[in-house]
Amino acid sequence: MKARLLQNLSVNAVQLVVNQLLGLGIFYVLSTGLDKNTFGQINLALAILMAAFNILSCGIDQLVIKKIAAGADVHATVSLYVVHVLVAGLLFYGILLGGYTLFPHFNGVYGILLLIGIGKTMIFFSTPFKQAANGLERFKLLAYMLVTSNIVRCFGLVMLGILHHLSLGNVILIFIAGDIAELLFCVFLFTFSTKTPLSIIWNRGNYVQLLREALPQTGVALITSALSRFDWIFIGILVSAVKLAEYSFAYKLFEISTLPLLAIAPLLIPRFTKLFQQNIVRVDELNLLARAEMMVAAFTILILNICWSPLIDGVTSGKYGAVNIYTIFILSLCIPFLYLNNFFWTMYFAQGRLKMILTSFVITLVVNVAGDIALIPFYKNEGAAIAFLAACVVQFVYYLKQNKTAELNIVWRPLIMCTTCALISLFAAMILFDGNWERIIAGTGIYILLLMITAQIRIQDLKAPFRVE
């Protein structure tokens with residue numbers, strides 16, 4: 001079981017590295033090859049579509065993983081989800097198409113929104129097959145599914161850049177082609193690998209039951225969508241596309257910096273589900289997992305901030321580095337909270353505490369939106385980052401108060417200790433050294449030393465690896 005977990009983690013980590021590198025390539029070509037206004041408009045359209053399709057999932061995506069991991073019939077479950085995405089996706093795009101007659105020139109974005117929406121609808125149609133593969137713990141299969149669109153888009157955009165044909169129209173065509181390719185590949189690969197027929201089994205009663213089970217998660221999906229991209233949309237509409245281009249660049253690199261979290265998060269849902277089904281709570285191992293996550297998260301703060309300005313200004317010719325130095329510092333402070341919030345969310349989701357999760361997201365949304373409205377008009381991108389940090393902190397405090405396993409209430413300690421060690425190491429390295437490599441080496445050394453002094457790194461931890469059997 002331990003070997004299988006490590007294998008799944010390795011496969012998922014490779015997939016994420018490949019996908020993030022491809023995504024970074026896409027982002028780099030667009031950010032350097034297009035002017036900031038056009039780049040910002042594309043990101044505004046993508047933010048709106050991402051929020052919309054997350055809402056349209058109604059929380060069924062995570063529920064499908066849980067049900068299949070718990071032994072539900074794969075064909076029947078996937079069929080119900082396929083019906084849902086077809087109806088919801090086509091209805092949404094029909095409304096979007098009709099809305100073009102009302103807002104044909106809205107901020108220069110609606111036409112972009114409509115065209116890129118074709119591709120994102122195809123991606124939405126592919127989600128049942130990806131979530132089923134996740135629930136089955138077929139992570140190699142899932143990896144192949146998830147990289148298709150980015151491969152097409154990355155190599156297509158690179159070729160456009162080499163040939164000096166990088167224009168808004170050509171970029172949109174590449175986006176649509178990549179998303180259609182991913183849908184076709186997902187359908188073929190899933191049916192071939194799992195031997196699950198493509199035919200749809202429709203059962204109205206089962207579909208209604210699925211919606212009822214997903215109802216708390218529907219609220220979570222709605223709130224998560226608003227939370228994840230409200231700042232982008234708010235900046236793009238009320239400030240400027242240029243400021244959105246700058247903020248979205250920083251936010252994209254911030255998302256990439258959470259790669260270790262992205263690697264482990266999909267593995268925890270089926271594992272935690274089985275763990276809590278057996279009523280087994282290995283508190284020491286869960287605390288070890290949380291502490292290990294904090295060490296990784298805090299180290300990310302250190303490296304991200306040391307490397308940011310020299311590296312980003314160097315590769316973007318000064319467009320996105322120094323201008324984002326305060327934004328990325330504030331966003332990086334969110335990383336430890338994101339790790340622990342995901343840890344608690346996964347635990348509570350596996351326990352079936354969906355209403356509590358919904359409440360947490362409502363509170364988080366209110367804090368984030370209120371912060372955006374209050375801060376963005378005055379502090380622009382830095383205001384959005386502060387609002388997001390406040391929302392992460394509030395969500396963590398709420399999750400901690402809702403925890404019923406008393407032994408897990410100490411997870412705030414490694415959060416504080418590891419983050420403090422990282423900040424001390426960061427400021428010491430920046431003050432004492434001038435070269436970037438010297439700062440990285442010195443900062444890393446100071447950080448490890450401080451972790452040992454504060455007993456965050458312990459020899460006995462090596463003898464107690466986290467496992468879920």
# chains A, B, ... in the order shown; residues from 1 in each chain; ligands from 1

call {"tool": "residues_around", "arguments": {"residues": "Gly71 (chain A)", "least_positions_apart": "4", "cutoff": "10 Å", "atoms": "only C-alpha atoms", "output": "PyMOL selection string"}}
result
chain A and resi 66-67+135-136

call {"tool": "residues_around", "arguments": {"residues": "Gly161 (chain A)", "least_positions_apart": "4", "cutoff": "9 Å", "atoms": "only C-alpha atoms", "output": "ChimeraX atom specification"}}
result
/A:29,33,156-157,165-166

call {"tool": "closest_residue", "arguments": {"among": "A:Ala374, A:Ala214, A:Val85, A:Ile312", "to": "Arg353 (chain A)", "atoms": "only C-alpha atoms"}}
result
A:Ala214

call {"tool": "closest_residue", "arguments": {"among": "A:Leu115, A:Ser199, A:Leu415, A:Arg212", "to": "Ile176 (chain A)", "atoms": "only C-alpha atoms"}}
result
A:Leu115

call {"tool": "residues_around", "arguments": {"residues": "Gly25 (chain A)", "least_positions_apart": "2", "cutoff": "9 Å", "atoms": "only C-alpha atoms", "output": "JSON, numbers by chain"}}
result
{"A": [20, 21, 22, 23, 27, 28, 29, 30, 154, 155, 157, 158]}

call {"tool": "write_last_selection", "arguments": {"atoms": "C-alpha atoms", "output": "tab-separated table (two decimals), in the first residue's frame"}}
result
chain	number	residue	atom	x	y	z
A	20	GLN	CA	2.95	23.57	-14.88
A	21	LEU	CA	5.98	23.85	-17.15
A	22	LEU	CA	3.73	23.82	-20.21
A	23	GLY	CA	1.43	26.34	-18.55
A	27	PHE	CA	1.99	32.22	-19.90
A	28	TYR	CA	5.49	33.38	-20.79
A	29	VAL	CA	4.82	33.53	-24.53
A	30	LEU	CA	1.57	35.44	-24.01
A	154	CYS	CA	2.27	25.46	-25.60
A	155	PHE	CA	3.83	24.14	-28.79
A	157	LEU	CA	2.03	29.31	-29.27
A	158	VAL	CA	5.77	28.76	-29.35

call {"tool": "atom_distance", "arguments": {"atom1": "CA of Gly59 (chain A)", "atom2": "CA of Pro260 (chain A)"}}
result
23.8 Å

call {"tool": "residues_around", "arguments": {"residues": "region 399-408 of chain A", "least_positions_apart": "6", "cutoff": "7 Å", "atoms": "only C-alpha atoms", "output": "PyMOL selection string"}}
result
chain A and resi 283+287+344

call {"tool": "write_last_selection", "arguments": {"atoms": "all heavy atoms", "output": "CSV table (one decimal), in the first residue's frame"}}
result
chain,number,residue,atom,x,y,z
A,283,VAL,N,-3.3,10.1,14.6
A,283,VAL,CA,-3.1,11.5,14.9
A,283,VAL,C,-1.6,11.8,14.8
A,283,VAL,O,-1.3,12.9,14.2
A,283,VAL,CB,-3.6,11.8,16.4
A,283,VAL,CG1,-3.3,13.2,16.7
A,283,VAL,CG2,-5.1,11.5,16.5
A,287,ASN,N,-0.3,14.7,12.2
A,287,ASN,CA,0.4,15.9,12.6
A,287,ASN,C,1.8,15.9,11.9
A,287,ASN,O,2.3,17.0,11.6
A,287,ASN,CB,0.7,15.8,14.2
A,287,ASN,CG,-0.5,16.4,14.9
A,287,ASN,OD1,-1.1,17.4,14.6
A,287,ASN,ND2,-0.9,15.8,16.0
A,344,PHE,N,-7.4,20.3,6.2
A,344,PHE,CA,-8.6,20.2,7.0
A,344,PHE,C,-9.8,20.0,6.0
A,344,PHE,O,-10.7,19.3,6.4
A,344,PHE,CB,-8.8,21.5,7.8
A,344,PHE,CG,-8.1,21.5,9.1
A,344,PHE,CD1,-7.1,22.5,9.3
A,344,PHE,CD2,-8.3,20.6,10.1
A,344,PHE,CE1,-6.4,22.5,10.5
A,344,PHE,CE2,-7.6,20.6,11.3
A,344,PHE,CZ,-6.6,21.6,11.5

call {"tool": "closest_residue", "arguments": {"among": "A:Asp434, A:Glu293, A:Glu246, A:Asp231", "to": "Leu259 (chain A)", "atoms": "only C-alpha atoms"}}
result
A:Glu293

call {"tool": "residues_around", "arguments": {"residues": "Val394 (chain A)", "least_positions_apart": "3", "cutoff": "12 Å", "atoms": "only C-alpha atoms", "output": "list in words"}}
result
Cys334, Phe337, Leu338, Asn341, Ser360, Phe361, Val362, Ile363, Thr364, Leu365, Val366, Val367, Asn368, Ala387, Phe388, Leu389, Ala390, Ala391, Val397, Tyr398, Tyr399, Leu400 and Lys401 of chain A

call {"tool": "write_last_selection", "arguments": {"atoms": "N, CA, C and O atoms", "output": "JSON list (two decimals), in the first residue's frame"}}
result
[["chain", "number", "residue", "atom", "x", "y", "z"],
["A", 334, "CYS", "N", 0.33, 33.49, 1.95],
["A", 334, "CYS", "CA", -0.88, 32.66, 1.94],
["A", 334, "CYS", "C", -0.57, 31.18, 1.84],
["A", 334, "CYS", "O", -1.41, 30.34, 2.19],
["A", 337, "PHE", "N", -1.12, 28.71, 4.79],
["A", 337, "PHE", "CA", -2.54, 28.60, 5.11],
["A", 337, "PHE", "C", -3.27, 27.77, 4.06],
["A", 337, "PHE", "O", -4.18, 27.00, 4.40],
["A", 338, "LEU", "N", -2.87, 27.88, 2.80],
["A", 338, "LEU", "CA", -3.49, 27.06, 1.75],
["A", 338, "LEU", "C", -3.25, 25.57, 2.00],
["A", 338, "LEU", "O", -4.15, 24.75, 1.81],
["A", 341, "ASN", "N", -5.40, 24.58, 5.07],
["A", 341, "ASN", "CA", -6.82, 24.63, 4.72],
["A", 341, "ASN", "C", -7.21, 23.44, 3.86],
["A", 341, "ASN", "O", -8.29, 22.86, 4.02],
["A", 360, "SER", "N", -17.79, 27.49, 5.99],
["A", 360, "SER", "CA", -16.43, 28.04, 5.97],
["A", 360, "SER", "C", -16.18, 28.85, 4.70],
["A", 360, "SER", "O", -15.54, 29.90, 4.74],
["A", 361, "PHE", "N", -16.70, 28.37, 3.59],
["A", 361, "PHE", "CA", -16.49, 29.07, 2.33],
["A", 361, "PHE", "C", -17.33, 30.34, 2.25],
["A", 361, "PHE", "O", -16.91, 31.33, 1.62],
["A", 362, "VAL", "N", -18.49, 30.32, 2.86],
["A", 362, "VAL", "CA", -19.30, 31.55, 2.92],
["A", 362, "VAL", "C", -18.54, 32.64, 3.68],
["A", 362, "VAL", "O", -18.43, 33.78, 3.22],
["A", 363, "ILE", "N", -18.01, 32.27, 4.84],
["A", 363, "ILE", "CA", -17.25, 33.23, 5.65],
["A", 363, "ILE", "C", -16.03, 33.73, 4.88],
["A", 363, "ILE", "O", -15.74, 34.93, 4.85],
["A", 364, "THR", "N", -15.33, 32.79, 4.25],
["A", 364, "THR", "CA", -14.12, 33.16, 3.49],
["A", 364, "THR", "C", -14.45, 34.09, 2.34],
["A", 364, "THR", "O", -13.73, 35.07, 2.08],
["A", 365, "LEU", "N", -15.57, 33.80, 1.64],
["A", 365, "LEU", "CA", -15.98, 34.64, 0.52],
["A", 365, "LEU", "C", -16.30, 36.06, 0.98],
["A", 365, "LEU", "O", -15.88, 37.03, 0.36],
["A", 366, "VAL", "N", -17.04, 36.16, 2.07],
["A", 366, "VAL", "CA", -17.41, 37.48, 2.59],
["A", 366, "VAL", "C", -16.16, 38.30, 2.91],
["A", 366, "VAL", "O", -16.06, 39.49, 2.56],
["A", 367, "VAL", "N", -15.20, 37.66, 3.58],
["A", 367, "VAL", "CA", -13.96, 38.37, 3.94],
["A", 367, "VAL", "C", -13.21, 38.79, 2.69],
["A", 367, "VAL", "O", -12.74, 39.94, 2.58],
["A", 368, "ASN", "N", -13.09, 37.88, 1.71],
["A", 368, "ASN", "CA", -12.32, 38.18, 0.51],
["A", 368, "ASN", "C", -12.97, 39.28, -0.33],
["A", 368, "ASN", "O", -12.30, 40.22, -0.77],
["A", 387, "ALA", "N", -6.37, 41.14, 0.72],
["A", 387, "ALA", "CA", -7.71, 40.58, 0.92],
["A", 387, "ALA", "C", -7.68, 39.05, 0.85],
["A", 387, "ALA", "O", -8.34, 38.37, 1.65],
["A", 388, "PHE", "N", -6.90, 38.51, -0.08],
["A", 388, "PHE", "CA", -6.81, 37.06, -0.21],
["A", 388, "PHE", "C", -6.12, 36.44, 1.01],
["A", 388, "PHE", "O", -6.53, 35.40, 1.51],
["A", 389, "LEU", "N", -5.07, 37.09, 1.49],
["A", 389, "LEU", "CA", -4.37, 36.61, 2.69],
["A", 389, "LEU", "C", -5.32, 36.62, 3.89],
["A", 389, "LEU", "O", -5.36, 35.64, 4.66],
["A", 390, "ALA", "N", -6.08, 37.68, 4.06],
["A", 390, "ALA", "CA", -7.03, 37.76, 5.17],
["A", 390, "ALA", "C", -8.06, 36.63, 5.08],
["A", 390, "ALA", "O", -8.41, 36.01, 6.10],
["A", 391, "ALA", "N", -8.54, 36.34, 3.88],
["A", 391, "ALA", "CA", -9.52, 35.28, 3.70],
["A", 391, "ALA", "C", -8.93, 33.91, 4.06],
["A", 391, "ALA", "O", -9.59, 33.09, 4.70],
["A", 397, "VAL", "N", -8.60, 29.67, 10.71],
["A", 397, "VAL", "CA", -9.07, 29.79, 12.10],
["A", 397, "VAL", "C", -10.40, 29.08, 12.27],
["A", 397, "VAL", "O", -10.62, 28.38, 13.27],
["A", 398, "TYR", "N", -11.28, 29.24, 11.29],
["A", 398, "TYR", "CA", -12.59, 28.58, 11.38],
["A", 398, "TYR", "C", -12.44, 27.06, 11.35],
["A", 398, "TYR", "O", -13.06, 26.35, 12.15],
["A", 399, "TYR", "N", -11.62, 26.55, 10.42],
["A", 399, "TYR", "CA", -11.40, 25.09, 10.35],
["A", 399, "TYR", "C", -10.83, 24.56, 11.65],
["A", 399, "TYR", "O", -11.20, 23.49, 12.13],
["A", 400, "LEU", "N", -9.91, 25.30, 12.22],
["A", 400, "LEU", "CA", -9.27, 24.86, 13.46],
["A", 400, "LEU", "C", -10.29, 24.79, 14.60],
["A", 400, "LEU", "O", -10.29, 23.84, 15.40],
["A", 401, "LYS", "N", -11.19, 25.75, 14.65],
["A", 401, "LYS", "CA", -12.21, 25.75, 15.70],
["A", 401, "LYS", "C", -13.23, 24.63, 15.51],
["A", 401, "LYS", "O", -13.83, 24.16, 16.49]]

call {"tool": "residues_around", "arguments": {"residues": "Phe92 (chain A)", "least_positions_apart": "4", "cutoff": "10 Å", "atoms": "only C-alpha atoms", "output": "MDAnalysis selection string"}}
result
chainID A and resid 52:53 56 86:88 96:98 117 121

call {"tool": "closest_atom_pairs", "arguments": {"of": "region 126-239 of chain A", "to": "region 41-50 of chain A", "cutoff": "7 Å", "atoms": "only C-alpha atoms", "output": "CSV"}}
result
residue,atom,partner,partner_atom,distance
A:Arg229,CA,A:Ala47,CA,5.7
A:Trp232,CA,A:Leu44,CA,6.6
A:Ile233,CA,A:Leu44,CA,5.9
A:Gly236,CA,A:Leu44,CA,6.0

call {"tool": "write_last_selection", "arguments": {"atoms": "N, CA and C atoms", "output": "compact mmCIF listing (two decimals), in the first residue's frame"}}
result
# COMPACT_ATOMS: atom_id res chain seq x y z
N ARG A 229 -11.37 33.84 -8.40
CA ARG A 229 -11.13 34.78 -9.49
C ARG A 229 -11.87 36.11 -9.35
N TRP A 232 -9.44 38.97 -9.84
CA TRP A 232 -9.09 39.19 -11.25
C TRP A 232 -10.18 39.98 -11.95
N ILE A 233 -11.42 39.51 -11.79
CA ILE A 233 -12.54 40.14 -12.49
C ILE A 233 -12.71 41.58 -12.01
N GLY A 236 -9.88 43.68 -13.43
CA GLY A 236 -10.01 43.84 -14.88
C GLY A 236 -11.11 44.79 -15.29

call {"tool": "residues_around", "arguments": {"residues": "Thr300 (chain A)", "least_positions_apart": "6", "cutoff": "9 Å", "atoms": "only C-alpha atoms", "output": "ChimeraX atom specification"}}
result
/A:257-258,332,335,422

call {"tool": "closest_residue", "arguments": {"among": "A:Tyr320, A:Asn409, A:Val208, A:Phe299", "to": "Leu286 (chain A)", "atoms": "only C-alpha atoms"}}
result
A:Asn409

call {"tool": "atom_distance", "arguments": {"atom1": "CA of Thr191 (chain A)", "atom2": "CA of Ile26 (chain A)"}}
result
29.5 Å

call {"tool": "closest_residue", "arguments": {"among": "A:Gly445, A:Val242, A:Phe249, A:Tyr81", "to": "Thr316 (chain A)", "atoms": "only C-alpha atoms"}}
result
A:Phe249

call {"tool": "closest_residue", "arguments": {"among": "A:Ala143, A:Leu268, A:Ile459, A:Ala428", "to": "Leu16 (chain A)", "atoms": "only C-alpha atoms"}}
result
A:Ala143

call {"tool": "atom_distance", "arguments": {"atom1": "CA of Thr359 (chain A)", "atom2": "CA of Thr419 (chain A)"}}
result
27.3 Å

call {"tool": "decode", "arguments": {"residues": "region 70-102 of chain A", "atoms": "N, CA and C atoms", "output": "PDB file, in the first residue's frame"}}
result
ATOM      1  N   ALA A  70     -15.318   5.141  -2.935  1.00  0.00           N
ATOM      2  CA  ALA A  70     -16.025   4.341  -1.938  1.00  0.00           C
ATOM      3  C   ALA A  70     -16.667   3.093  -2.531  1.00  0.00           C
ATOM      4  N   GLY A  71     -16.529   2.885  -3.864  1.00  0.00           N
ATOM      5  CA  GLY A  71     -17.012   1.653  -4.484  1.00  0.00           C
ATOM      6  C   GLY A  71     -18.269   1.775  -5.314  1.00  0.00           C
ATOM      7  N   ALA A  72     -18.727   2.990  -5.624  1.00  0.00           N
ATOM      8  CA  ALA A  72     -19.925   3.166  -6.445  1.00  0.00           C
ATOM      9  C   ALA A  72     -19.678   2.666  -7.867  1.00  0.00           C
ATOM     10  N   ASP A  73     -20.749   2.294  -8.565  1.00  0.00           N
ATOM     11  CA  ASP A  73     -20.654   1.804  -9.932  1.00  0.00           C
ATOM     12  C   ASP A  73     -20.113   2.916 -10.841  1.00  0.00           C
ATOM     13  N   VAL A  74     -19.004   2.640 -11.520  1.00  0.00           N
ATOM     14  CA  VAL A  74     -18.317   3.658 -12.307  1.00  0.00           C
ATOM     15  C   VAL A  74     -19.161   4.101 -13.500  1.00  0.00           C
ATOM     16  N   HIS A  75     -19.689   3.118 -14.243  1.00  0.00           N
ATOM     17  CA  HIS A  75     -20.454   3.447 -15.446  1.00  0.00           C
ATOM     18  C   HIS A  75     -21.666   4.308 -15.116  1.00  0.00           C
ATOM     19  N   ALA A  76     -22.413   3.922 -14.099  1.00  0.00           N
ATOM     20  CA  ALA A  76     -23.622   4.661 -13.736  1.00  0.00           C
ATOM     21  C   ALA A  76     -23.287   6.061 -13.232  1.00  0.00           C
ATOM     22  N   THR A  77     -22.235   6.164 -12.419  1.00  0.00           N
ATOM     23  CA  THR A  77     -21.866   7.464 -11.859  1.00  0.00           C
ATOM     24  C   THR A  77     -21.370   8.408 -12.938  1.00  0.00           C
ATOM     25  N   VAL A  78     -20.511   7.907 -13.820  1.00  0.00           N
ATOM     26  CA  VAL A  78     -19.990   8.732 -14.909  1.00  0.00           C
ATOM     27  C   VAL A  78     -21.114   9.159 -15.846  1.00  0.00           C
ATOM     28  N   SER A  79     -22.050   8.263 -16.102  1.00  0.00           N
ATOM     29  CA  SER A  79     -23.167   8.585 -17.001  1.00  0.00           C
ATOM     30  C   SER A  79     -23.980   9.760 -16.484  1.00  0.00           C
ATOM     31  N   LEU A  80     -24.285   9.737 -15.200  1.00  0.00           N
ATOM     32  CA  LEU A  80     -25.046  10.837 -14.612  1.00  0.00           C
ATOM     33  C   LEU A  80     -24.281  12.161 -14.717  1.00  0.00           C
ATOM     34  N   TYR A  81     -22.992  12.089 -14.481  1.00  0.00           N
ATOM     35  CA  TYR A  81     -22.173  13.305 -14.544  1.00  0.00           C
ATOM     36  C   TYR A  81     -22.061  13.814 -15.986  1.00  0.00           C
ATOM     37  N   VAL A  82     -21.963  12.899 -16.950  1.00  0.00           N
ATOM     38  CA  VAL A  82     -21.898  13.291 -18.361  1.00  0.00           C
ATOM     39  C   VAL A  82     -23.171  14.038 -18.764  1.00  0.00           C
ATOM     40  N   VAL A  83     -24.315  13.513 -18.356  1.00  0.00           N
ATOM     41  CA  VAL A  83     -25.583  14.191 -18.653  1.00  0.00           C
ATOM     42  C   VAL A  83     -25.580  15.599 -18.062  1.00  0.00           C
ATOM     43  N   HIS A  84     -25.099  15.698 -16.848  1.00  0.00           N
ATOM     44  CA  HIS A  84     -25.087  17.002 -16.171  1.00  0.00           C
ATOM     45  C   HIS A  84     -24.218  18.015 -16.928  1.00  0.00           C
ATOM     46  N   VAL A  85     -22.998  17.622 -17.299  1.00  0.00           N
ATOM     47  CA  VAL A  85     -22.108  18.582 -17.954  1.00  0.00           C
ATOM     48  C   VAL A  85     -22.604  18.947 -19.352  1.00  0.00           C
ATOM     49  N   LEU A  86     -23.226  18.007 -20.052  1.00  0.00           N
ATOM     50  CA  LEU A  86     -23.760  18.315 -21.380  1.00  0.00           C
ATOM     51  C   LEU A  86     -24.882  19.346 -21.294  1.00  0.00           C
ATOM     52  N   VAL A  87     -25.826  19.110 -20.397  1.00  0.00           N
ATOM     53  CA  VAL A  87     -26.957  20.028 -20.262  1.00  0.00           C
ATOM     54  C   VAL A  87     -26.492  21.391 -19.750  1.00  0.00           C
ATOM     55  N   ALA A  88     -25.701  21.390 -18.664  1.00  0.00           N
ATOM     56  CA  ALA A  88     -25.255  22.648 -18.067  1.00  0.00           C
ATOM     57  C   ALA A  88     -24.342  23.425 -19.012  1.00  0.00           C
ATOM     58  N   GLY A  89     -23.430  22.724 -19.683  1.00  0.00           N
ATOM     59  CA  GLY A  89     -22.488  23.386 -20.574  1.00  0.00           C
ATOM     60  C   GLY A  89     -23.157  24.005 -21.779  1.00  0.00           C
ATOM     61  N   LEU A  90     -24.050  23.261 -22.436  1.00  0.00           N
ATOM     62  CA  LEU A  90     -24.741  23.782 -23.619  1.00  0.00           C
ATOM     63  C   LEU A  90     -25.679  24.928 -23.261  1.00  0.00           C
ATOM     64  N   LEU A  91     -26.361  24.810 -22.115  1.00  0.00           N
ATOM     65  CA  LEU A  91     -27.244  25.878 -21.676  1.00  0.00           C
ATOM     66  C   LEU A  91     -26.452  27.155 -21.394  1.00  0.00           C
ATOM     67  N   PHE A  92     -25.318  27.011 -20.709  1.00  0.00           N
ATOM     68  CA  PHE A  92     -24.494  28.176 -20.402  1.00  0.00           C
ATOM     69  C   PHE A  92     -23.983  28.836 -21.669  1.00  0.00           C
ATOM     70  N   TYR A  93     -23.475  28.048 -22.612  1.00  0.00           N
ATOM     71  CA  TYR A  93     -22.932  28.663 -23.826  1.00  0.00           C
ATOM     72  C   TYR A  93     -24.037  29.302 -24.660  1.00  0.00           C
ATOM     73  N   GLY A  94     -25.224  28.713 -24.628  1.00  0.00           N
ATOM     74  CA  GLY A  94     -26.348  29.335 -25.324  1.00  0.00           C
ATOM     75  C   GLY A  94     -26.670  30.710 -24.751  1.00  0.00           C
ATOM     76  N   ILE A  95     -26.654  30.810 -23.428  1.00  0.00           N
ATOM     77  CA  ILE A  95     -26.884  32.103 -22.773  1.00  0.00           C
ATOM     78  C   ILE A  95     -25.763  33.074 -23.119  1.00  0.00           C
ATOM     79  N   LEU A  96     -24.538  32.573 -23.122  1.00  0.00           N
ATOM     80  CA  LEU A  96     -23.384  33.410 -23.457  1.00  0.00           C
ATOM     81  C   LEU A  96     -23.495  33.929 -24.882  1.00  0.00           C
ATOM     82  N   LEU A  97     -23.922  33.065 -25.791  1.00  0.00           N
ATOM     83  CA  LEU A  97     -24.075  33.450 -27.193  1.00  0.00           C
ATOM     84  C   LEU A  97     -25.170  34.490 -27.356  1.00  0.00           C
ATOM     85  N   GLY A  98     -26.282  34.273 -26.640  1.00  0.00           N
ATOM     86  CA  GLY A  98     -27.370  35.238 -26.711  1.00  0.00           C
ATOM     87  C   GLY A  98     -26.984  36.583 -26.123  1.00  0.00           C
ATOM     88  N   GLY A  99     -26.141  36.560 -25.102  1.00  0.00           N
ATOM     89  CA  GLY A  99     -25.727  37.794 -24.459  1.00  0.00           C
ATOM     90  C   GLY A  99     -24.853  38.671 -25.327  1.00  0.00           C
ATOM     91  N   TYR A 100     -24.286  38.120 -26.384  1.00  0.00           N
ATOM     92  CA  TYR A 100     -23.416  38.911 -27.258  1.00  0.00           C
ATOM     93  C   TYR A 100     -24.183  40.032 -27.934  1.00  0.00           C
ATOM     94  N   THR A 101     -25.473  39.810 -28.171  1.00  0.00           N
ATOM     95  CA  THR A 101     -26.289  40.858 -28.788  1.00  0.00           C
ATOM     96  C   THR A 101     -26.499  42.034 -27.839  1.00  0.00           C
ATOM     97  N   LEU A 102     -26.376  41.772 -26.524  1.00  0.00           N
ATOM     98  CA  LEU A 102     -26.559  42.825 -25.533  1.00  0.00           C
ATOM     99  C   LEU A 102     -25.257  43.526 -25.174  1.00  0.00           C
TER     100      LEU A 102
END
